[in-house]
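One file, coords_31.txt, carrying compact mmCIF, C-alpha atoms:
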```
# COMPACT_ATOMS: atom_id res chain seq x y z
CA MET K 1 -30.18 22.56 -22.78
CA LYS K 2 -27.94 19.49 -22.32
CA LYS K 3 -27.84 17.86 -18.90
CA ILE K 4 -24.54 18.32 -17.07
CA THR K 5 -23.36 15.05 -15.49
CA PRO K 6 -20.63 14.71 -12.82
CA LYS K 7 -18.48 12.82 -15.35
CA LYS K 8 -18.79 15.67 -17.85
CA VAL K 9 -17.99 18.18 -15.13
CA THR K 10 -14.89 16.21 -14.13
CA TYR K 11 -13.60 15.98 -17.70
CA TRP K 12 -14.46 19.64 -18.30
CA LEU K 13 -12.61 20.68 -15.16
CA LEU K 14 -9.48 18.61 -15.77
CA GLY K 15 -9.64 18.04 -19.49
CA GLU K 16 -10.52 14.61 -20.92
CA THR K 17 -6.99 13.14 -20.69
CA ALA K 18 -6.31 14.42 -17.19
CA GLY K 19 -9.79 13.36 -16.08
CA ARG K 20 -9.27 9.80 -17.25
CA THR K 21 -5.82 9.74 -15.66
CA SER K 22 -7.26 10.87 -12.34
CA VAL K 23 -9.91 8.13 -12.40
CA ALA K 24 -7.26 5.55 -13.35
CA VAL K 25 -5.07 6.62 -10.44
CA TRP K 26 -7.87 6.10 -7.92
CA LYS K 27 -8.67 2.67 -9.37
CA ARG K 28 -4.99 1.76 -9.39
CA LEU K 29 -4.59 2.59 -5.72
CA TRP K 30 -7.71 0.66 -4.72
CA GLY K 31 -6.48 -2.32 -6.76
CA LEU K 32 -3.02 -2.52 -5.21
CA PRO K 33 -1.85 -6.07 -4.41
CA ILE K 34 -1.32 -5.12 -0.76
CA GLU K 35 -1.68 -8.71 0.33
CA LYS K 36 1.57 -9.50 -1.49
CA GLY K 37 3.34 -6.80 0.50
CA GLY K 38 6.97 -5.90 -0.03
CA VAL K 39 8.81 -2.83 -1.17
CA VAL K 40 7.26 -2.94 -4.66
CA ALA K 41 3.72 -2.49 -3.32
CA GLN K 42 4.93 0.34 -1.09
CA LYS K 43 6.55 2.12 -4.06
CA VAL K 44 3.39 1.72 -6.15
CA ALA K 45 1.36 3.25 -3.32
CA ALA K 46 3.83 6.15 -3.00
CA GLU K 47 3.73 6.78 -6.77
CA SER K 48 -0.07 6.76 -6.64
CA ILE K 49 0.02 9.40 -3.91
CA ILE K 50 2.21 11.60 -6.13
CA SER K 51 -0.16 11.11 -9.08
CA MET K 52 -3.13 12.02 -6.89
CA GLN K 53 -1.35 15.16 -5.68
CA GLU K 54 -0.76 16.20 -9.29
CA SER K 55 -4.39 15.52 -10.21
CA ILE K 56 -5.64 17.50 -7.22
CA ALA K 57 -3.37 20.39 -8.18
CA GLN K 58 -4.99 20.36 -11.64
CA LEU K 59 -8.41 20.13 -10.04
CA SER K 60 -7.60 23.10 -7.81
CA ASN K 61 -6.66 25.19 -10.85
CA ALA K 62 -9.83 24.08 -12.61
CA VAL K 63 -11.95 25.03 -9.60
CA ALA K 64 -10.35 28.47 -9.62
CA LYS K 65 -11.39 28.84 -13.29
CA VAL K 66 -14.92 27.71 -12.47
CA VAL K 67 -15.18 30.26 -9.67
CA SER K 68 -13.89 32.95 -12.02
CA THR K 69 -16.45 31.92 -14.66
CA TYR K 70 -19.25 32.04 -12.12
CA ASN K 71 -18.19 35.49 -10.93
CA LEU K 72 -18.05 36.70 -14.54
CA ALA K 73 -21.54 35.32 -15.31
CA GLN K 74 -22.94 36.83 -12.13
CA GLN K 75 -21.35 40.19 -12.94
CA GLN K 76 -22.76 40.18 -16.47
CA TYR K 77 -26.24 39.35 -15.18
CA ASN K 78 -26.04 42.08 -12.56
CA ASN K 79 -24.90 44.58 -15.19
CA LYS K 80 -27.75 43.72 -17.54
CA LEU K 81 -30.25 43.77 -14.69
CA GLY K 82 -29.00 47.24 -13.77
CA GLU K 83 -29.31 48.36 -17.39
CA PHE K 84 -32.86 47.02 -17.49
CA HIS K 85 -33.92 48.97 -14.41
CA GLN K 86 -32.18 52.06 -15.75
CA ALA K 87 -34.00 51.78 -19.09
CA GLU K 88 -37.32 51.46 -17.32
CA LYS K 89 -36.61 54.57 -15.27
CA GLN K 90 -35.58 56.47 -18.40
CA ALA K 91 -38.76 55.42 -20.14
CA GLN K 92 -40.91 56.51 -17.21
CA LEU K 93 -39.08 59.84 -16.91
CA ALA K 94 -39.30 60.58 -20.64
CA TYR K 95 -42.96 59.67 -20.71
CA SER K 96 -43.67 61.91 -17.72
CA LYS K 97 -42.03 64.79 -19.57
CA GLY K 98 -43.99 64.13 -22.73
CA ASN K 99 -40.95 63.00 -24.71
CA GLU K 100 -42.60 60.07 -26.44
CA ASP K 101 -39.68 59.23 -28.75
CA ALA K 102 -37.22 59.00 -25.87
CA ALA K 103 -39.71 56.94 -23.89
CA ARG K 104 -40.22 54.48 -26.77
CA LEU K 105 -36.46 54.14 -27.23
CA ALA K 106 -35.95 53.40 -23.54
CA ILE K 107 -38.82 50.90 -23.56
CA THR K 108 -37.32 49.14 -26.60
CA LYS K 109 -34.01 48.85 -24.79
CA SER K 110 -35.63 47.47 -21.65
CA ILE K 111 -37.54 44.88 -23.71
CA ALA K 112 -34.33 43.71 -25.41
CA ILE K 113 -32.56 43.39 -22.08
CA GLU K 114 -35.55 41.66 -20.51
CA LYS K 115 -35.33 38.92 -23.16
CA ILE K 116 -31.70 38.14 -22.36
CA LEU K 117 -32.03 38.19 -18.56
CA PRO K 118 -33.54 34.67 -18.22
CA GLN K 119 -30.74 33.20 -20.31
CA LEU K 120 -28.12 35.00 -18.27
CA SER K 121 -29.83 33.90 -15.07
CA GLU K 122 -29.79 30.29 -16.28
CA ARG K 123 -26.07 30.57 -17.07
CA VAL K 124 -25.41 31.98 -13.61
CA GLU K 125 -27.36 29.13 -11.99
CA THR K 126 -25.50 26.50 -14.04
CA ALA K 127 -22.16 28.10 -13.24
CA GLN K 128 -23.04 28.16 -9.54
CA ILE K 129 -24.04 24.47 -9.54
CA THR K 130 -20.84 23.56 -11.35
CA MET K 131 -18.79 25.68 -8.96
CA ASN K 132 -20.36 24.06 -5.90
CA LYS K 133 -19.76 20.57 -7.33
CA ALA K 134 -16.18 21.45 -8.18
CA LYS K 135 -15.51 22.85 -4.71
CA ALA K 136 -17.10 19.80 -3.09
CA LYS K 137 -15.05 17.48 -5.28
CA LEU K 138 -11.85 19.35 -4.47
CA LYS K 139 -12.61 19.15 -0.75
CA ARG K 140 -13.53 15.46 -0.98
CA GLU K 141 -10.45 14.48 -2.99
CA THR K 142 -8.18 16.51 -0.73
CA GLU K 143 -9.56 14.73 2.32
CA ARG K 144 -9.13 11.38 0.57
CA LEU K 145 -5.55 12.26 -0.29
CA GLU K 146 -4.79 13.03 3.35
CA ALA K 147 -6.34 9.70 4.35
CA TYR K 148 -4.23 7.88 1.76
CA LYS K 149 -1.12 9.64 3.02
CA LEU K 150 -1.84 8.28 6.50
CA GLU K 151 -2.44 4.82 5.04
CA LEU K 152 0.85 5.08 3.15
CA GLU K 153 2.65 5.76 6.43
CA ASN K 154 0.98 2.66 7.86
CA LEU K 155 2.02 0.64 4.81
CA GLU K 156 5.61 1.83 5.19
CA SER K 157 5.61 0.72 8.83
CA LEU K 158 4.14 -2.66 7.89
CA THR K 159 6.72 -3.10 5.15
CA VAL K 160 9.57 -2.47 7.61
CA VAL K 161 8.11 -4.94 10.09
CA ASN K 162 7.45 -7.53 7.38
CA GLN K 163 11.04 -7.31 6.16
CA ALA K 164 12.36 -7.69 9.70
CA MET K 165 10.10 -10.69 10.28
CA ALA K 166 11.24 -12.26 7.01
CA GLU K 167 14.90 -11.82 7.97
CA MET K 168 14.21 -13.26 11.41
CA GLY K 169 12.53 -16.29 9.88
CA GLN K 170 15.43 -16.78 7.49
CA PHE K 171 17.93 -16.56 10.37
CA THR K 172 15.97 -19.13 12.36
CA ASN K 173 15.83 -21.49 9.40
CA GLU K 174 19.55 -21.16 8.83
CA LEU K 175 20.27 -22.24 12.41
CA ASP K 176 18.23 -25.43 11.92
CA LEU K 177 18.69 -26.55 15.54
CA ASP K 178 16.10 -29.29 15.25
CA SER K 179 18.00 -30.91 12.41
CA ALA K 180 21.30 -30.68 14.30
CA ARG K 181 19.77 -32.25 17.41
CA SER K 182 18.30 -35.02 15.30
CA GLN K 183 21.67 -35.75 13.68
CA PHE K 184 23.36 -35.86 17.10
CA ALA K 185 20.76 -38.33 18.38
CA ASP K 186 21.24 -40.53 15.32
CA ALA K 187 25.03 -40.53 15.76
CA LYS K 188 24.71 -41.33 19.48
CA ASN K 189 22.35 -44.21 18.82
CA GLY K 190 24.64 -45.54 16.12
CA ILE K 191 27.69 -45.51 18.41
CA GLU K 192 25.84 -47.19 21.25
CA LYS K 193 24.46 -49.86 18.94
CA ARG K 194 27.95 -50.48 17.53
CA ALA K 195 29.40 -50.93 21.04
CA LEU K 196 26.72 -53.42 21.99
CA LEU K 197 27.22 -55.27 18.72
CA ASP K 198 31.00 -55.56 19.21
CA GLU K 199 30.51 -56.78 22.77
CA ALA K 200 28.00 -59.36 21.62
CA LYS K 201 30.34 -60.54 18.88
CA ALA K 202 33.20 -60.92 21.38
CA GLU K 203 31.02 -62.92 23.72
CA LEU K 204 29.74 -65.13 20.93
CA GLY K 205 33.23 -65.69 19.52
CA GLU K 206 34.75 -66.97 22.82
CA ASN K 207 34.85 -70.86 23.38
CA PRO K 208 34.48 -71.85 27.10
CA SER K 209 36.53 -75.05 26.69
CA GLU K 210 39.36 -73.22 25.01
CA ALA K 211 39.35 -70.60 27.72
CA LEU K 212 39.62 -73.32 30.44
CA ALA K 213 42.43 -75.06 28.59
CA ASP K 214 44.28 -71.78 28.29
CA GLU K 215 43.96 -71.20 32.03
CA ILE K 216 45.31 -74.75 32.78
CA ASP K 217 48.19 -74.28 30.41
CA ALA K 218 49.01 -70.97 32.06
CA LEU K 219 49.05 -72.58 35.53
CA SER K 220 51.20 -75.50 34.33
CA LEU K 221 53.67 -73.14 32.75
CA GLU K 222 53.90 -71.10 35.95
CA ALA K 223 54.48 -74.28 38.02
CA GLU K 224 57.20 -75.44 35.67
CA ILE K 225 58.88 -72.07 35.84
CA GLU K 226 58.85 -72.15 39.66
CA LYS K 227 60.23 -75.69 39.67
CA ARG K 228 63.15 -74.83 37.47
CA PHE K 229 63.75 -71.60 39.29
CA LYS K 230 64.20 -73.56 42.53
CA SER K 231 66.43 -76.04 40.72
CA LEU K 232 68.70 -73.22 39.68
CA GLY K 233 68.91 -72.11 43.30
CA SER K 234 69.89 -75.61 44.45
CA HIS K 235 72.69 -75.90 41.90
CA GLN K 236 74.10 -72.59 42.91
CA GLN K 237 74.27 -73.52 46.59
CA SER K 238 76.12 -76.79 45.89
```

As a first step, turn the structure in this file into structure tokens.
Amino acid sequence: MKKITPKKVTYWLLGETAGRTSVAVWKRLWGLPIEKGGVVAQKVAAESIISMQESIAQLSNAVAKVVSTYNLAQQQYNNKLGEFHQAEKQAQLAYSKGNEDAARLAITKSIAIEKILPQLSERVETAQITMNKAKAKLKRETERLEAYKLELENLESLTVVNQAMAEMGQFTNELDLDSARSQFADAKNGIEKRALLDEAKAELGENPSEALADEIDALSLEAEIEKRFKSLGSHQQS
């Protein structure tokens, strides 16, 4: 009898293609580039949840088939076991009545059934093991799915916050207050330096001797004007 491995059970339950798809979905979700964040990662996570839901629905149907198979095997074993006990009783009854032919026929039937009972019992045991594994897998994957749904809600919240933070950072960068303050300081320093430079140039360009001569000339001119002004007054009185 070939050994039944969990991988074989999975592919038997879902079918080879569906089984591989289910495994790929789990690996895809675990390998999500969450650290990159963004809406794309969130959508990939959401699509993975949908794929997992579909796989679990297939698994649920497969588990139902396994349970049905187990019940059928158990019923067949019980039926044959009942036939075996009935044949033994018939043989004993016929023998007690002296009906040797009927007793031999009943014994032959019981022997034939007795040969098949171990095989049926083995099938029932295998079906039960497979059923228990399938039920456990369905329960485990369902619980995982619920956990991933909660994680998806967390990812959606993080995505919203990350987007808001990104927009806030962009708004702050657009304001660029530090740069504006720096430009203002540079302009202020430039104006102040220009004023000092013009003042220095004016001071350096002025000749003290020429300034004194200009003051003397201005006083002489004023004295001459006063003199002639008085002369005009004298002429008018005469």

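In this comparison, which uses only C-alpha atoms, the residue of K:Ile56, K:Asp101, K:Gln90, K:Val44 approaching Arg144 of chain K most closely is K:Ile56.
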
Report, in Å with one decimal, the straight-line distance from atom CA of Thr130 of chain K to atom CA of Glu143 of chain K.
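Separation of atom CA of Thr130 of chain K and atom CA of Glu143 of chain K: 19.8 Å.
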
Just to confirm, what's the straight-line distance from atom CA of Tyr77 of chain K to atom CA of Ile107 of chain K in Å (one decimal)?
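These two atoms are separated by 19.0 Å.
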
Between K:Lys65, K:Arg104, K:Lys43, K:Lys149, single out the one closest to Lys135 of chain K, counting only C-alpha atoms.
K:Lys65

What is the atom CA of Glu151 of chain K to atom CA of Asn132 of chain K distance in Å?
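Atom CA of Asn132 of chain K lies at a distance of 28.5 Å from atom CA of Glu151 of chain K.
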
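Candidate residues K:Ala166, K:Leu145, K:Ala73, K:Ala94 were compared for distance to Glu122 of chain K, and the nearest is K:Ala73, using only C-alpha atoms.
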
Could you extract segment 91-126 of chain K of the given structure into a file holding N, CA, C and O atoms, as a short mmCIF file (atom, residue, chain, number, x, y, z; two decimals), in the first residue's frame?
```
data_model
loop_
_atom_site.label_atom_id
_atom_site.label_comp_id
_atom_site.auth_asym_id
_atom_site.auth_seq_id
_atom_site.Cartn_x
_atom_site.Cartn_y
_atom_site.Cartn_z
N ALA K 91 -24.92 -20.75 9.60
CA ALA K 91 -24.17 -22.01 9.59
C ALA K 91 -24.39 -22.79 10.88
O ALA K 91 -24.59 -24.04 10.86
N GLN K 92 -24.37 -22.10 11.99
CA GLN K 92 -24.59 -22.75 13.29
C GLN K 92 -25.99 -23.34 13.39
O GLN K 92 -26.20 -24.47 13.87
N LEU K 93 -26.99 -22.57 12.89
CA LEU K 93 -28.38 -23.03 12.96
C LEU K 93 -28.59 -24.26 12.06
O LEU K 93 -29.24 -25.25 12.45
N ALA K 94 -28.03 -24.19 10.84
CA ALA K 94 -28.19 -25.31 9.91
C ALA K 94 -27.49 -26.57 10.44
O ALA K 94 -28.00 -27.70 10.31
N TYR K 95 -26.35 -26.35 11.02
CA TYR K 95 -25.60 -27.49 11.56
C TYR K 95 -26.34 -28.15 12.74
O TYR K 95 -26.37 -29.39 12.88
N SER K 96 -26.96 -27.25 13.57
CA SER K 96 -27.71 -27.78 14.72
C SER K 96 -28.93 -28.56 14.28
O SER K 96 -29.40 -29.47 14.99
N LYS K 97 -29.46 -28.26 13.10
CA LYS K 97 -30.63 -28.95 12.58
C LYS K 97 -30.23 -30.15 11.71
O LYS K 97 -31.12 -30.84 11.17
N GLY K 98 -28.95 -30.35 11.54
CA GLY K 98 -28.50 -31.49 10.75
C GLY K 98 -28.49 -31.22 9.27
O GLY K 98 -28.27 -32.15 8.47
N ASN K 99 -28.69 -30.00 8.85
CA ASN K 99 -28.67 -29.64 7.43
C ASN K 99 -27.24 -29.28 7.05
O ASN K 99 -26.82 -28.13 7.07
N GLU K 100 -26.47 -30.28 6.72
CA GLU K 100 -25.04 -30.10 6.47
C GLU K 100 -24.77 -29.23 5.24
O GLU K 100 -23.86 -28.40 5.24
N ASP K 101 -25.55 -29.43 4.18
CA ASP K 101 -25.33 -28.64 2.96
C ASP K 101 -25.53 -27.15 3.20
O ASP K 101 -24.74 -26.32 2.76
N ALA K 102 -26.62 -26.84 3.91
CA ALA K 102 -26.89 -25.42 4.21
C ALA K 102 -25.83 -24.85 5.13
O ALA K 102 -25.39 -23.70 4.99
N ALA K 103 -25.34 -25.67 6.06
CA ALA K 103 -24.29 -25.22 6.96
C ALA K 103 -23.01 -24.94 6.20
O ALA K 103 -22.32 -23.93 6.43
N ARG K 104 -22.63 -25.83 5.27
CA ARG K 104 -21.41 -25.65 4.48
C ARG K 104 -21.52 -24.40 3.60
O ARG K 104 -20.54 -23.66 3.43
N LEU K 105 -22.70 -24.18 3.05
CA LEU K 105 -22.89 -22.99 2.21
C LEU K 105 -22.73 -21.70 3.03
O LEU K 105 -22.10 -20.74 2.59
N ALA K 106 -23.30 -21.70 4.21
CA ALA K 106 -23.20 -20.52 5.08
C ALA K 106 -21.77 -20.30 5.54
O ALA K 106 -21.28 -19.16 5.63
N ILE K 107 -21.06 -21.42 5.83
CA ILE K 107 -19.66 -21.29 6.24
C ILE K 107 -18.80 -20.75 5.09
O ILE K 107 -17.91 -19.90 5.29
N THR K 108 -19.07 -21.21 3.88
CA THR K 108 -18.33 -20.72 2.70
C THR K 108 -18.53 -19.20 2.54
O THR K 108 -17.58 -18.46 2.23
N LYS K 109 -19.76 -18.77 2.72
CA LYS K 109 -20.07 -17.35 2.61
C LYS K 109 -19.34 -16.54 3.69
O LYS K 109 -18.78 -15.47 3.41
N SER K 110 -19.33 -17.06 4.90
CA SER K 110 -18.68 -16.34 6.00
C SER K 110 -17.17 -16.25 5.78
O SER K 110 -16.53 -15.24 6.10
N ILE K 111 -16.60 -17.33 5.20
CA ILE K 111 -15.15 -17.32 4.91
C ILE K 111 -14.81 -16.26 3.86
O ILE K 111 -13.82 -15.54 3.98
N ALA K 112 -15.66 -16.18 2.82
CA ALA K 112 -15.42 -15.19 1.75
C ALA K 112 -15.50 -13.77 2.30
O ALA K 112 -14.68 -12.90 1.96
N ILE K 113 -16.49 -13.56 3.15
CA ILE K 113 -16.65 -12.21 3.74
C ILE K 113 -15.51 -11.90 4.70
O ILE K 113 -15.00 -10.78 4.75
N GLU K 114 -15.07 -12.92 5.43
CA GLU K 114 -14.00 -12.72 6.40
C GLU K 114 -12.69 -12.29 5.71
O GLU K 114 -11.90 -11.54 6.29
N LYS K 115 -12.49 -12.76 4.49
CA LYS K 115 -11.29 -12.38 3.74
C LYS K 115 -11.29 -10.90 3.36
O LYS K 115 -10.25 -10.26 3.29
N ILE K 116 -12.47 -10.37 3.05
CA ILE K 116 -12.56 -8.99 2.57
C ILE K 116 -12.63 -7.97 3.70
O ILE K 116 -12.33 -6.78 3.51
N LEU K 117 -12.99 -8.43 4.90
CA LEU K 117 -13.16 -7.50 6.03
C LEU K 117 -11.88 -6.73 6.37
O LEU K 117 -11.95 -5.51 6.60
N PRO K 118 -10.69 -7.35 6.43
CA PRO K 118 -9.49 -6.59 6.74
C PRO K 118 -9.20 -5.48 5.73
O PRO K 118 -8.76 -4.38 6.09
N GLN K 119 -9.46 -5.80 4.44
CA GLN K 119 -9.22 -4.79 3.41
C GLN K 119 -10.19 -3.62 3.57
O GLN K 119 -9.81 -2.45 3.43
N LEU K 120 -11.45 -3.96 3.84
CA LEU K 120 -12.43 -2.89 4.06
C LEU K 120 -12.09 -2.08 5.30
O LEU K 120 -12.23 -0.86 5.31
N SER K 121 -11.64 -2.76 6.33
CA SER K 121 -11.26 -2.07 7.56
C SER K 121 -10.09 -1.12 7.31
O SER K 121 -10.06 0.01 7.83
N GLU K 122 -9.13 -1.57 6.50
CA GLU K 122 -7.98 -0.72 6.15
C GLU K 122 -8.43 0.51 5.37
O GLU K 122 -7.96 1.62 5.61
N ARG K 123 -9.38 0.30 4.45
CA ARG K 123 -9.90 1.43 3.67
C ARG K 123 -10.62 2.43 4.59
O ARG K 123 -10.48 3.64 4.43
N VAL K 124 -11.38 1.90 5.54
CA VAL K 124 -12.08 2.78 6.47
C VAL K 124 -11.08 3.59 7.29
O VAL K 124 -11.25 4.80 7.50
N GLU K 125 -10.02 2.93 7.76
CA GLU K 125 -9.00 3.61 8.56
C GLU K 125 -8.31 4.70 7.75
O GLU K 125 -8.09 5.81 8.24
N THR K 126 -7.95 4.37 6.51
CA THR K 126 -7.30 5.36 5.63
C THR K 126 -8.22 6.54 5.36
O THR K 126 -7.79 7.70 5.39
#
```
